[in-house]
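**Q** Just so it is clear, I am handing over query_35.txt, which has compact mmCIF, C-alpha atoms.
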```
# COMPACT_ATOMS: atom_id res chain seq x y z
CA MET Y 1 -35.87 3.84 -56.88
CA LYS Y 2 -36.15 6.45 -54.16
CA ARG Y 3 -37.45 9.97 -54.60
CA THR Y 4 -36.83 13.09 -52.55
CA MET Y 5 -39.46 15.45 -51.16
CA THR Y 6 -39.50 18.61 -49.10
CA LEU Y 7 -41.69 18.53 -46.02
CA ASN Y 8 -42.95 21.77 -44.47
CA LEU Y 9 -43.60 21.40 -40.74
CA THR Y 10 -44.31 23.84 -37.93
CA ASP Y 11 -41.75 24.19 -35.15
CA ALA Y 12 -43.91 22.04 -32.88
CA GLU Y 13 -44.26 19.33 -35.52
CA MET Y 14 -40.52 19.37 -36.24
CA ASP Y 15 -39.77 19.21 -32.49
CA ALA Y 16 -42.06 16.17 -32.19
CA LEU Y 17 -40.44 14.53 -35.21
CA GLU Y 18 -36.93 15.13 -33.89
CA ALA Y 19 -37.85 13.90 -30.41
CA LEU Y 20 -39.24 10.67 -31.84
CA CYS Y 21 -36.16 10.23 -34.06
CA GLU Y 22 -33.94 10.69 -31.00
CA GLU Y 23 -35.99 8.29 -28.88
CA LYS Y 24 -36.23 5.60 -31.55
CA GLY Y 25 -32.73 6.07 -32.96
CA LEU Y 26 -34.07 6.65 -36.46
CA SER Y 27 -33.36 9.15 -39.20
CA LYS Y 28 -36.26 11.42 -40.22
CA THR Y 29 -36.67 9.43 -43.41
CA ALA Y 30 -36.84 6.11 -41.56
CA LEU Y 31 -39.28 7.50 -39.01
CA VAL Y 32 -41.63 8.92 -41.65
CA ARG Y 33 -41.42 5.62 -43.56
CA GLN Y 34 -42.40 3.64 -40.43
CA ALA Y 35 -45.20 6.08 -39.62
CA LEU Y 36 -46.54 5.76 -43.14
CA ARG Y 37 -46.49 1.95 -42.97
CA LEU Y 38 -48.33 1.97 -39.64
CA TYR Y 39 -50.90 4.43 -40.99
CA GLN Y 40 -51.37 2.35 -44.12
CA SER Y 41 -51.65 -0.90 -42.11
CA VAL Y 42 -54.33 0.53 -39.81
CA ASP Y 43 -56.17 2.22 -42.66
CA ALA Y 44 -56.23 -1.03 -44.69
CA ARG Y 45 -57.88 -2.81 -41.74
CA LEU Y 46 -60.46 -0.09 -41.32
CA ALA Y 47 -61.13 -0.13 -45.05
CA ARG Y 48 -61.87 -3.87 -44.77
CA GLY Y 49 -64.45 -3.09 -42.08
CA ASP Y 50 -62.23 -4.17 -39.15
CA LYS Y 51 -62.12 -2.13 -35.94
CA VAL Y 52 -58.85 -1.16 -34.27
CA PHE Y 53 -58.82 -0.82 -30.49
CA VAL Y 54 -56.31 0.55 -28.01
CA GLU Y 55 -56.39 -1.11 -24.58
CA ASN Y 56 -54.81 0.24 -21.40
CA ALA Y 57 -52.17 -1.80 -19.56
CA ASP Y 58 -54.50 -3.45 -17.04
CA LYS Y 59 -57.05 -4.18 -19.77
CA THR Y 60 -59.82 -2.26 -18.02
CA GLU Y 61 -60.33 0.30 -20.75
CA LYS Y 62 -60.56 -0.13 -24.47
CA ALA Y 63 -61.00 2.68 -26.98
CA GLU Y 64 -61.69 2.40 -30.66
CA LEU Y 65 -59.02 4.02 -32.80
CA MET Y 66 -60.36 6.39 -35.42
CA VAL Y 67 -58.29 7.34 -38.45
CA LEU Y 68 -58.90 10.37 -40.64
CA MET P 1 -39.91 -10.98 -59.59
CA LYS P 2 -36.96 -11.72 -57.35
CA THR P 3 -33.57 -10.19 -56.67
CA ASN P 4 -30.45 -12.18 -55.87
CA LEU P 5 -29.14 -10.95 -52.50
CA GLY P 6 -26.09 -13.17 -52.43
CA THR P 7 -24.74 -16.62 -51.72
CA VAL P 8 -24.20 -18.37 -48.40
CA SER P 9 -22.73 -21.78 -47.57
CA ILE P 10 -25.19 -24.43 -46.44
CA TYR P 11 -24.01 -27.77 -45.08
CA ASN P 12 -25.33 -30.89 -46.77
CA ARG P 13 -25.53 -33.59 -44.09
CA VAL P 14 -25.90 -36.34 -46.67
CA THR P 15 -22.77 -35.59 -48.70
CA GLY P 16 -20.87 -33.99 -45.82
CA ARG P 17 -20.06 -30.96 -47.97
CA ASP P 18 -20.93 -27.27 -48.01
CA GLU P 19 -23.02 -26.09 -50.93
CA ASP P 20 -23.86 -22.64 -52.25
CA ALA P 21 -27.32 -21.40 -51.34
CA VAL P 22 -28.73 -18.29 -53.00
CA ILE P 23 -30.95 -15.93 -51.02
CA TYR P 24 -33.52 -13.96 -52.98
CA GLN P 25 -35.71 -11.04 -52.06
CA GLY P 26 -39.05 -11.73 -53.75
CA PHE P 27 -40.13 -14.96 -55.40
CA ASP P 28 -41.31 -16.43 -58.68
CA ALA P 29 -43.76 -19.09 -59.84
CA GLN P 30 -41.10 -21.79 -59.48
CA ASN P 31 -40.89 -21.22 -55.71
CA LEU P 32 -44.62 -21.72 -55.31
CA ALA P 33 -44.47 -24.75 -57.60
CA HIS P 34 -41.75 -26.30 -55.42
CA ILE P 35 -43.85 -25.80 -52.29
CA GLU P 36 -47.01 -27.19 -53.84
CA THR P 37 -45.50 -30.10 -55.73
CA ARG P 38 -42.50 -31.08 -53.60
CA TRP P 39 -43.10 -29.82 -50.06
CA ARG P 40 -46.84 -30.43 -49.71
CA PRO P 41 -46.93 -34.11 -50.79
CA MET P 42 -44.12 -34.92 -48.38
CA PHE P 43 -45.86 -33.10 -45.52
CA GLU P 44 -49.08 -34.93 -46.34
CA GLU P 45 -47.39 -38.32 -46.48
CA ARG P 46 -45.75 -37.76 -43.10
CA ARG P 47 -49.00 -36.39 -41.62
CA VAL P 48 -50.82 -39.59 -42.56
CA GLU P 49 -48.02 -41.71 -41.07
CA ALA P 50 -48.10 -39.62 -37.89
CA LEU P 51 -51.86 -40.08 -37.57
CA ARG P 52 -51.42 -43.82 -37.93
CA ILE P 53 -48.95 -44.02 -35.06
CA GLY P 54 -50.70 -41.41 -32.91
CA ALA P 55 -47.99 -38.73 -33.24
CA SER P 56 -48.76 -35.00 -33.26
CA ALA P 57 -47.75 -32.40 -35.84
CA SER P 58 -45.22 -31.14 -33.28
CA ASP P 59 -43.77 -34.65 -32.87
CA ILE P 60 -42.94 -34.77 -36.57
CA ASN P 61 -41.86 -31.11 -36.78
CA ALA P 62 -44.75 -30.16 -39.07
CA GLU P 63 -46.78 -27.57 -37.17
CA ASP P 64 -46.57 -25.23 -40.16
CA ALA P 65 -47.35 -27.87 -42.79
CA ARG P 66 -50.72 -26.36 -43.65
CA TRP P 67 -49.58 -22.78 -44.13
CA GLU P 68 -50.87 -21.51 -47.45
CA TRP P 69 -47.78 -19.99 -49.01
CA GLY P 70 -49.68 -19.09 -52.19
CA ARG P 71 -51.90 -16.76 -50.18
CA LYS P 72 -48.90 -15.27 -48.39
CA MET P 73 -47.19 -14.63 -51.72
CA LEU P 74 -50.33 -12.91 -52.94
CA ALA P 75 -50.33 -10.71 -49.82
CA ALA P 76 -46.71 -9.76 -50.51
CA VAL P 77 -47.62 -8.78 -54.07
CA ARG P 78 -50.73 -6.84 -53.06
CA GLU P 79 -49.14 -5.02 -50.15
CA PRO P 80 -45.48 -4.45 -51.00
CA PHE P 81 -45.58 -1.56 -48.62
CA LEU P 82 -46.00 -3.89 -45.66
CA TYR P 83 -44.49 -7.23 -46.65
CA GLU P 84 -41.26 -8.65 -48.02
CA LEU P 85 -40.76 -12.26 -48.97
CA PHE P 86 -37.38 -14.01 -49.05
CA VAL P 87 -36.50 -17.44 -50.38
CA LEU P 88 -33.42 -19.61 -50.06
CA GLU P 89 -32.55 -21.96 -52.90
CA VAL P 90 -29.91 -24.62 -53.38
CA ALA P 91 -29.44 -25.89 -56.92
CA ALA P 92 -32.50 -23.81 -57.91
CA ILE P 93 -34.77 -25.72 -55.51
CA THR P 94 -36.64 -23.84 -52.76
CA GLN P 95 -35.19 -24.91 -49.40
CA ALA P 96 -36.74 -22.27 -47.15
CA ILE P 97 -39.05 -19.27 -47.34
CA MET P 98 -39.85 -16.32 -45.06
CA LEU P 99 -42.45 -13.57 -45.03
CA VAL P 100 -41.64 -10.47 -42.97
CA ARG P 101 -43.66 -7.41 -42.05
CA LYS P 102 -41.83 -4.12 -42.21
CA GLY P 103 -44.54 -1.92 -40.75
CA GLY P 104 -47.75 -2.00 -38.79
CA GLU P 105 -48.85 -2.92 -35.31
CA LYS P 106 -46.64 -6.00 -34.97
CA CYS P 107 -43.48 -4.04 -35.70
CA PHE P 108 -42.76 -2.57 -32.27
CA SER P 109 -40.13 -3.89 -29.89
CA ARG P 110 -41.00 -5.31 -26.47
CA HIS P 111 -37.33 -5.73 -25.50
CA GLU P 112 -36.22 -3.81 -22.40
CA GLU P 113 -33.20 -2.55 -24.33
CA HIS P 114 -35.40 -0.51 -26.68
CA PRO P 115 -39.11 -0.65 -25.82
CA ARG P 116 -41.46 0.37 -28.64
CA ALA P 117 -38.64 0.85 -31.15
CA PRO P 118 -39.61 -0.28 -34.66
CA LEU P 119 -38.46 -3.68 -35.87
CA ILE P 120 -38.85 -6.21 -38.64
CA TYR P 121 -41.43 -8.85 -37.69
CA VAL P 122 -41.01 -12.37 -39.08
CA ASP P 123 -44.59 -13.41 -39.82
CA PHE P 124 -43.83 -16.86 -41.27
CA LEU P 125 -40.71 -18.94 -41.85
CA SER P 126 -40.68 -22.50 -43.17
CA THR P 127 -38.00 -24.90 -44.32
CA ALA P 128 -38.47 -27.72 -46.80
CA PRO P 129 -39.65 -30.96 -45.17
CA TRP P 130 -36.54 -32.88 -46.25
CA ASN P 131 -34.40 -30.49 -44.15
CA ARG P 132 -36.25 -31.10 -40.89
CA PRO P 133 -35.07 -33.20 -37.97
CA ARG P 134 -37.94 -35.44 -36.70
CA MET P 135 -39.68 -35.10 -40.08
CA VAL P 136 -37.14 -37.25 -41.93
CA ALA P 137 -34.56 -39.73 -40.70
CA GLN P 138 -31.69 -37.87 -42.36
CA PRO P 139 -32.33 -34.16 -42.95
CA VAL P 140 -30.41 -32.82 -45.94
CA TYR P 141 -29.42 -29.15 -45.50
CA THR P 142 -28.72 -27.57 -42.14
CA GLY P 143 -28.67 -23.83 -41.55
CA CYS P 144 -31.51 -22.73 -43.85
CA GLY P 145 -33.58 -21.22 -41.02
CA ARG P 146 -30.53 -19.51 -39.54
CA ALA P 147 -29.63 -18.06 -42.95
CA LEU P 148 -33.13 -16.57 -43.33
CA ILE P 149 -33.15 -15.12 -39.80
CA SER P 150 -29.78 -13.55 -40.62
CA THR P 151 -31.40 -12.16 -43.77
CA ALA P 152 -34.19 -10.63 -41.66
CA ILE P 153 -31.58 -9.02 -39.38
CA SER P 154 -29.66 -7.74 -42.39
CA PHE P 155 -32.90 -6.35 -43.85
CA SER P 156 -33.59 -4.65 -40.52
CA PHE P 157 -30.19 -2.92 -40.74
CA GLU P 158 -30.99 -1.90 -44.31
CA GLU P 159 -34.25 -0.35 -43.10
CA GLU P 160 -32.31 1.60 -40.42
CA LEU P 161 -33.85 -0.52 -37.65
CA ARG P 162 -30.45 -1.58 -36.20
CA GLY P 163 -31.02 -5.28 -36.74
CA ARG P 164 -34.07 -5.53 -34.47
CA VAL P 165 -36.28 -8.51 -35.35
CA GLY P 166 -39.29 -9.99 -33.57
CA LEU P 167 -41.41 -13.11 -34.03
CA HIS P 168 -43.84 -15.50 -32.39
CA ALA P 169 -42.60 -19.09 -32.42
CA LEU P 170 -44.60 -22.25 -32.86
CA PRO P 171 -43.92 -24.58 -29.88
CA GLY P 172 -41.72 -26.89 -31.94
CA ALA P 173 -39.48 -24.00 -33.03
CA GLU P 174 -39.01 -22.34 -29.64
CA GLU P 175 -35.76 -24.16 -28.89
CA PHE P 176 -34.34 -23.22 -32.30
CA TYR P 177 -34.95 -19.50 -31.78
CA ARG P 178 -33.86 -19.53 -28.13
CA GLU P 179 -30.87 -21.88 -28.21
CA LYS P 180 -29.62 -21.98 -31.79
CA ILE P 181 -30.20 -18.36 -32.78
CA GLY P 182 -29.91 -16.89 -29.27
CA MET P 183 -32.98 -14.65 -29.47
CA THR P 184 -34.38 -13.19 -26.26
CA ASP P 185 -37.42 -15.13 -25.03
CA LEU P 186 -39.96 -12.54 -23.90
CA GLY P 187 -42.50 -15.09 -22.72
CA VAL P 188 -45.94 -16.27 -23.67
CA ASP P 189 -48.13 -13.80 -25.52
CA GLU P 190 -51.68 -14.48 -24.35
CA ASP P 191 -52.97 -12.17 -27.07
CA TYR P 192 -51.34 -14.24 -29.82
CA SER P 193 -52.68 -17.79 -29.42
CA GLY P 194 -50.42 -18.30 -26.40
CA LEU P 195 -47.29 -18.46 -28.57
CA ARG P 196 -43.98 -17.35 -27.10
CA TYR P 197 -42.55 -14.09 -28.40
CA PHE P 198 -38.84 -13.71 -29.26
CA GLU P 199 -36.65 -10.81 -30.29
CA VAL P 200 -33.22 -10.07 -31.66
CA SER P 201 -32.14 -6.91 -29.84
CA ALA P 202 -30.04 -4.24 -31.50
CA SER P 203 -27.00 -5.09 -29.37
CA PHE P 204 -27.33 -8.82 -30.14
CA ALA P 205 -27.73 -8.06 -33.85
CA ALA P 206 -24.60 -5.93 -33.78
CA LYS P 207 -22.69 -8.80 -32.14
CA MET P 208 -24.05 -11.34 -34.64
CA PHE P 209 -22.81 -9.28 -37.54
CA THR P 210 -19.39 -8.53 -36.13
CA SER P 211 -18.33 -11.90 -34.70
CA PRO P 212 -17.92 -15.21 -36.48
CA GLU P 213 -21.09 -17.21 -35.99
CA GLY P 214 -21.09 -20.80 -34.92
CA GLY P 215 -23.72 -23.44 -34.32
CA GLU P 216 -26.13 -24.97 -36.72
CA GLU P 217 -29.84 -25.41 -37.23
```
Can you present the structure in this file as structure tokens?

**A**
Amino acid sequence: MKRTMTLNLTDAEMDALEALCEEKGLSKTALVRQALRLYQSVDARLARGDKVFVENADKTEKAELMVL
Amino acid sequence: MKTNLGTVSIYNRVTGRDEDAVIYQGFDAQNLAHIETRWRPMFEERRVEALRIGASASDINAEDARWEWGRKMLAAVREPFLYELFVLEVAAITQAIMLVRKGGEKCFSRHEEHPRAPLIYVDFLSTAPWNRPRMVAQPVYTGCGRALISTAISFSFEEELRGRVGLHALPGAEEFYREKIGMTDLGVDEDYSGLRYFEVSASFAAKMFTSPEGGEE
């Protein structure tokens, strides 16, 4: 079963959402769903005590990803 | 809990006839029982034979023989948000099984057609040992793996991801994904045990679902 919600975003947030939808070819619903899954996936790892890192393309820099 | 997604025709090499295979989203205790009591003993028997003659797991098409499907099923139950499990049955016997990820860090495209676009990632796919060339002298059903990859593509469309699917292939399965399915080979992934990474692009998925498909597993 799917439920409907109203999301209140600022202009800047809505612009960012629409730009991502355009770039990825996704509806707003699909984009929010994917974002939620990614957030949940990362958060589950952090909750288990894992660390999540982001590495630059030439692998010279690595930064730990922090999640609120 | 499993939901019947529909029926596809699977060719039985032994009888020379097509048979109805049912694809399910989800699984039940019977599927795990089939893997533990029918698949595993056969894998084990062939593994011992292979050891005796000095053959590798790849030689007998059994690189995935030790995957713990019970644990993967548990993951699918615990994290329904991230995983979906599909099974293919013929005559109520589990012939193939697939675990996909529908979100998270693995679910971003590397294909030049749509870099970083979200996709469905096939984490694990196995077919029953009696359906495998090199594992048995006369494999029974052909097309089980293809049917499940098609299911992953269909699921990707359902999730508004335009049919995009990605996976890392074990060495023994590379030819299947490259030649039989026609996935794009994006090379060795040094960050993933050196396995090769493959994708179904959106344009290829669209073609697969609009033109009659040929070939066999």

**Q** Hey, could you make a per-residue contact list for region 123-167 of chain P against region 97-112 of chain P with 10 Å as the cut-off, showing the nearest pair of atoms and its distance in Å to one decimal, counting all atoms listed in the file, sorted by chain and number, as CSV?

**A**
```
residue,atom,partner,partner_atom,distance
P:Asp123,CA,P:Val100,CA,5.2
P:Phe124,CA,P:Leu99,CA,5.2
P:Leu125,CA,P:Met98,CA,4.2
P:Ser126,CA,P:Ile97,CA,5.5
P:Thr127,CA,P:Ile97,CA,6.5
P:Ala128,CA,P:Ile97,CA,8.5
P:Cys144,CA,P:Ile97,CA,9.0
P:Gly145,CA,P:Ile97,CA,8.6
P:Leu148,CA,P:Met98,CA,6.9
P:Ile149,CA,P:Met98,CA,8.6
P:Thr151,CA,P:Met98,CA,9.5
P:Ala152,CA,P:Val100,CA,7.6
P:Phe155,CA,P:Lys102,CA,9.3
P:Ser156,CA,P:Lys102,CA,8.4
P:Glu159,CA,P:Lys102,CA,8.5
P:Leu161,CA,P:Lys102,CA,9.9
P:Arg164,CA,P:Ser109,CA,7.8
P:Val165,CA,P:Ser109,CA,8.1
P:Gly166,CA,P:Ser109,CA,7.2
P:Leu167,CA,P:Lys106,CA,8.9
```

**Q** Using all atoms listed in the file and a cut-off of 8 Å, which residues of chain Y sit close to chain P? Please list them as a list of chain:residue names.

**A**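 Taking all atoms listed in the file into account, Y:Lys24, Y:Leu26, Y:Ser27, Y:Ala30, Y:Gln34, Y:Arg37, Y:Leu38, Y:Tyr39, Y:Gln40, Y:Ser41, Y:Val42 sit within 8 Å of chain P.
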
**Q** Looking at only C-alpha atoms, which of Y:Thr10, Y:Val32, Y:Met66, Y:Ala57 is the one that sits closest to Arg45 (chain Y)?

**A**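 Among the listed residues, Y:Met66 lies closest to Arg45 (chain Y).
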
**Q** From (-43.0, -34.0, -36.9), in the file's coordinates, out to 9 Å: which residues are reached, counting all atoms listed in the file? Answer as a VMD selection string.

**A** chain P and resid 46 to 47 50 55 to 63 132 to 136 172

**Q** For a test of reading the model, state the distance in Å between CA of Glu84 (chain P) and CA of Ser154 (chain P), rounded to one decimal.

**A** 12.9 Å

**Q** How far is it from CA of Lys2 (chain Y) to CA of Thr29 (chain Y), in Å with one decimal?

**A**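 Taking CA of Lys2 (chain Y) as the start and CA of Thr29 (chain Y) as the end point, the length is 11.2 Å.
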
**Q** Distance CA of Thr7 (chain P)-CA of Ala21 (chain P), one decimal place?

**A** 5.4 Å

**Q** Restricting the calculation to all atoms listed in the file: of P:Ile120, P:Ala76, P:Ala202, P:Val22, which residue gets closest to Ile93 (chain P)?

**A**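 For Ile93 (chain P), the nearest of the given residues is P:Val22.
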
**Q** Of the candidates P:Arg196, P:Arg178, P:Lys207, P:Arg66, which shows the shortest atom-to-atom distance to Arg146 (chain P), using only C-alpha atoms?

**A**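 When distances to Arg146 (chain P) are compared using only C-alpha atoms, the smallest one comes from P:Arg178.
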
**Q** Between P:Phe86, P:Phe198, P:Tyr24, P:Phe43, which one has atoms that come closest to Ala173 (chain P), using only C-alpha atoms?

**A**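 Closest candidate: P:Phe198.
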
**Q** Using only C-alpha atoms, which residues of region 43-102 of chain P come within 12 Å of region 30-35 of chain P, and what is the closest atom pair for each, with the distance in Å to one decimal? Give it as JSON lines, sorted by chain and residue number.

**A**
```
{"residue": "P:Phe43", "atom": "CA", "partner": "P:Ile35", "partner_atom": "CA", "distance": 10.2}
{"residue": "P:Ala65", "atom": "CA", "partner": "P:Ile35", "partner_atom": "CA", "distance": 10.3}
{"residue": "P:Arg66", "atom": "CA", "partner": "P:Ile35", "partner_atom": "CA", "distance": 11.1}
{"residue": "P:Trp67", "atom": "CA", "partner": "P:Ile35", "partner_atom": "CA", "distance": 10.4}
{"residue": "P:Glu68", "atom": "CA", "partner": "P:Ile35", "partner_atom": "CA", "distance": 9.5}
{"residue": "P:Trp69", "atom": "CA", "partner": "P:Leu32", "partner_atom": "CA", "distance": 7.3}
{"residue": "P:Gly70", "atom": "CA", "partner": "P:Leu32", "partner_atom": "CA", "distance": 6.5}
{"residue": "P:Arg71", "atom": "CA", "partner": "P:Leu32", "partner_atom": "CA", "distance": 10.2}
{"residue": "P:Lys72", "atom": "CA", "partner": "P:Leu32", "partner_atom": "CA", "distance": 10.4}
{"residue": "P:Met73", "atom": "CA", "partner": "P:Leu32", "partner_atom": "CA", "distance": 8.4}
{"residue": "P:Leu74", "atom": "CA", "partner": "P:Leu32", "partner_atom": "CA", "distance": 10.8}
{"residue": "P:Leu85", "atom": "CA", "partner": "P:Asn31", "partner_atom": "CA", "distance": 11.2}
{"residue": "P:Phe86", "atom": "CA", "partner": "P:Asn31", "partner_atom": "CA", "distance": 10.4}
{"residue": "P:Val87", "atom": "CA", "partner": "P:Asn31", "partner_atom": "CA", "distance": 7.9}
{"residue": "P:Leu88", "atom": "CA", "partner": "P:Asn31", "partner_atom": "CA", "distance": 9.5}
{"residue": "P:Glu89", "atom": "CA", "partner": "P:Asn31", "partner_atom": "CA", "distance": 8.8}
{"residue": "P:Val90", "atom": "CA", "partner": "P:Asn31", "partner_atom": "CA", "distance": 11.7}
{"residue": "P:Ala92", "atom": "CA", "partner": "P:Gln30", "partner_atom": "CA", "distance": 9.0}
{"residue": "P:Ile93", "atom": "CA", "partner": "P:His34", "partner_atom": "CA", "distance": 7.0}
{"residue": "P:Thr94", "atom": "CA", "partner": "P:Asn31", "partner_atom": "CA", "distance": 5.8}
{"residue": "P:Gln95", "atom": "CA", "partner": "P:His34", "partner_atom": "CA", "distance": 9.0}
{"residue": "P:Ala96", "atom": "CA", "partner": "P:Ile35", "partner_atom": "CA", "distance": 9.5}
{"residue": "P:Ile97", "atom": "CA", "partner": "P:Asn31", "partner_atom": "CA", "distance": 8.8}
{"residue": "P:Met98", "atom": "CA", "partner": "P:Asn31", "partner_atom": "CA", "distance": 11.8}
```

**Q** Could you give me, as a list in words, the residues within 9 Å of Leu17 (chain Y), counting all atoms listed in the file and dropping anything in the same chain fewer than 3 positions from it?

**A** Ala12, Glu13, Met14, Leu20, Cys21, Glu22, Lys28, Leu31 and Val32 of chain Y

**Q** For Ser9 (chain P), work out the shell of residues within 6 Å, counting all atoms listed in the file and skipping chain neighbours fewer than 2 positions away, then give it as a PDB file with C-alpha atoms, in the frame of the given file.

**A**
```pdb
ATOM      1  CA  ASP P  18     -20.930 -27.270 -48.010  1.00  0.00           C
ATOM      2  CA  GLU P  19     -23.020 -26.090 -50.930  1.00  0.00           C
ATOM      3  CA  ASP P  20     -23.860 -22.640 -52.250  1.00  0.00           C
ATOM      4  CA  ALA P  21     -27.320 -21.400 -51.340  1.00  0.00           C
TER       5      ALA P  21
END
```

**Q** Of the candidates P:Val188, P:Val200, P:Ala147, P:Ala137, which one gets nearest to Val14 (chain P) if we count all atoms listed in the file?

**A**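 Among P:Val188, P:Val200, P:Ala147, P:Ala137, it is P:Ala137 that comes nearest to Val14 (chain P).
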
**Q** Would you fill the gaps in region 38-54 of chain Y so it has N, CA, C and O atoms, then print it as an mmCIF file, in the frame of the given file?

**A**
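The file below, rebuild31.cif, is the result:
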```cif
data_model
loop_
_atom_site.group_PDB
_atom_site.id
_atom_site.type_symbol
_atom_site.label_atom_id
_atom_site.label_comp_id
_atom_site.auth_asym_id
_atom_site.auth_seq_id
_atom_site.Cartn_x
_atom_site.Cartn_y
_atom_site.Cartn_z
ATOM 1 N N LEU Y 38 -47.357 2.206 -40.712
ATOM 2 C CA LEU Y 38 -48.330 1.970 -39.640
ATOM 3 C C LEU Y 38 -49.690 2.548 -40.039
ATOM 4 O O LEU Y 38 -50.727 1.895 -39.901
ATOM 5 N N TYR Y 39 -49.656 3.770 -40.560
ATOM 6 C CA TYR Y 39 -50.900 4.430 -40.990
ATOM 7 C C TYR Y 39 -51.592 3.586 -42.064
ATOM 8 O O TYR Y 39 -52.791 3.326 -42.004
ATOM 9 N N GLN Y 40 -50.800 3.122 -43.013
ATOM 10 C CA GLN Y 40 -51.370 2.350 -44.120
ATOM 11 C C GLN Y 40 -51.936 1.029 -43.627
ATOM 12 O O GLN Y 40 -53.001 0.587 -44.047
ATOM 13 N N SER Y 41 -51.217 0.390 -42.664
ATOM 14 C CA SER Y 41 -51.650 -0.900 -42.110
ATOM 15 C C SER Y 41 -52.981 -0.747 -41.387
ATOM 16 O O SER Y 41 -53.904 -1.551 -41.569
ATOM 17 N N VAL Y 42 -53.091 0.297 -40.556
ATOM 18 C CA VAL Y 42 -54.330 0.530 -39.810
ATOM 19 C C VAL Y 42 -55.453 0.897 -40.773
ATOM 20 O O VAL Y 42 -56.575 0.395 -40.680
ATOM 21 N N ASP Y 43 -55.146 1.774 -41.715
ATOM 22 C CA ASP Y 43 -56.170 2.220 -42.660
ATOM 23 C C ASP Y 43 -56.703 1.062 -43.510
ATOM 24 O O ASP Y 43 -57.905 0.990 -43.787
ATOM 25 N N ALA Y 44 -55.797 0.132 -43.884
ATOM 26 C CA ALA Y 44 -56.230 -1.030 -44.690
ATOM 27 C C ALA Y 44 -57.213 -1.882 -43.896
ATOM 28 O O ALA Y 44 -58.196 -2.386 -44.433
ATOM 29 N N ARG Y 45 -56.953 -2.030 -42.588
ATOM 30 C CA ARG Y 45 -57.880 -2.810 -41.740
ATOM 31 C C ARG Y 45 -59.225 -2.126 -41.633
ATOM 32 O O ARG Y 45 -60.265 -2.770 -41.721
ATOM 33 N N LEU Y 46 -59.200 -0.820 -41.437
ATOM 34 C CA LEU Y 46 -60.460 -0.090 -41.320
ATOM 35 C C LEU Y 46 -61.229 -0.152 -42.637
ATOM 36 O O LEU Y 46 -62.452 -0.284 -42.645
ATOM 37 N N ALA Y 47 -60.483 -0.081 -43.734
ATOM 38 C CA ALA Y 47 -61.130 -0.130 -45.050
ATOM 39 C C ALA Y 47 -61.811 -1.484 -45.274
ATOM 40 O O ALA Y 47 -62.807 -1.578 -45.995
ATOM 41 N N ARG Y 48 -61.260 -2.538 -44.652
ATOM 42 C CA ARG Y 48 -61.870 -3.870 -44.770
ATOM 43 C C ARG Y 48 -63.063 -4.034 -43.828
ATOM 44 O O ARG Y 48 -63.704 -5.072 -43.789
ATOM 45 N N GLY Y 49 -63.322 -3.012 -43.012
ATOM 46 C CA GLY Y 49 -64.450 -3.090 -42.080
ATOM 47 C C GLY Y 49 -64.028 -3.539 -40.688
ATOM 48 O O GLY Y 49 -64.868 -3.695 -39.800
ATOM 49 N N ASP Y 50 -62.710 -3.789 -40.485
ATOM 50 C CA ASP Y 50 -62.230 -4.170 -39.150
ATOM 51 C C ASP Y 50 -62.294 -2.949 -38.228
ATOM 52 O O ASP Y 50 -62.349 -1.810 -38.688
ATOM 53 N N LYS Y 51 -62.240 -3.215 -36.911
ATOM 54 C CA LYS Y 51 -62.120 -2.130 -35.940
ATOM 55 C C LYS Y 51 -60.773 -2.270 -35.250
ATOM 56 O O LYS Y 51 -60.306 -3.380 -35.000
ATOM 57 N N VAL Y 52 -60.146 -1.138 -34.954
ATOM 58 C CA VAL Y 52 -58.850 -1.160 -34.270
ATOM 59 C C VAL Y 52 -59.048 -0.540 -32.892
ATOM 60 O O VAL Y 52 -59.574 0.563 -32.776
ATOM 61 N N PHE Y 53 -58.630 -1.287 -31.859
ATOM 62 C CA PHE Y 53 -58.820 -0.820 -30.490
ATOM 63 C C PHE Y 53 -57.473 -0.601 -29.788
ATOM 64 O O PHE Y 53 -56.500 -1.300 -30.071
ATOM 65 N N VAL Y 54 -57.472 0.347 -28.874
ATOM 66 C CA VAL Y 54 -56.310 0.550 -28.010
ATOM 67 C C VAL Y 54 -56.764 0.235 -26.589
ATOM 68 O O VAL Y 54 -57.789 0.749 -26.134
#
```
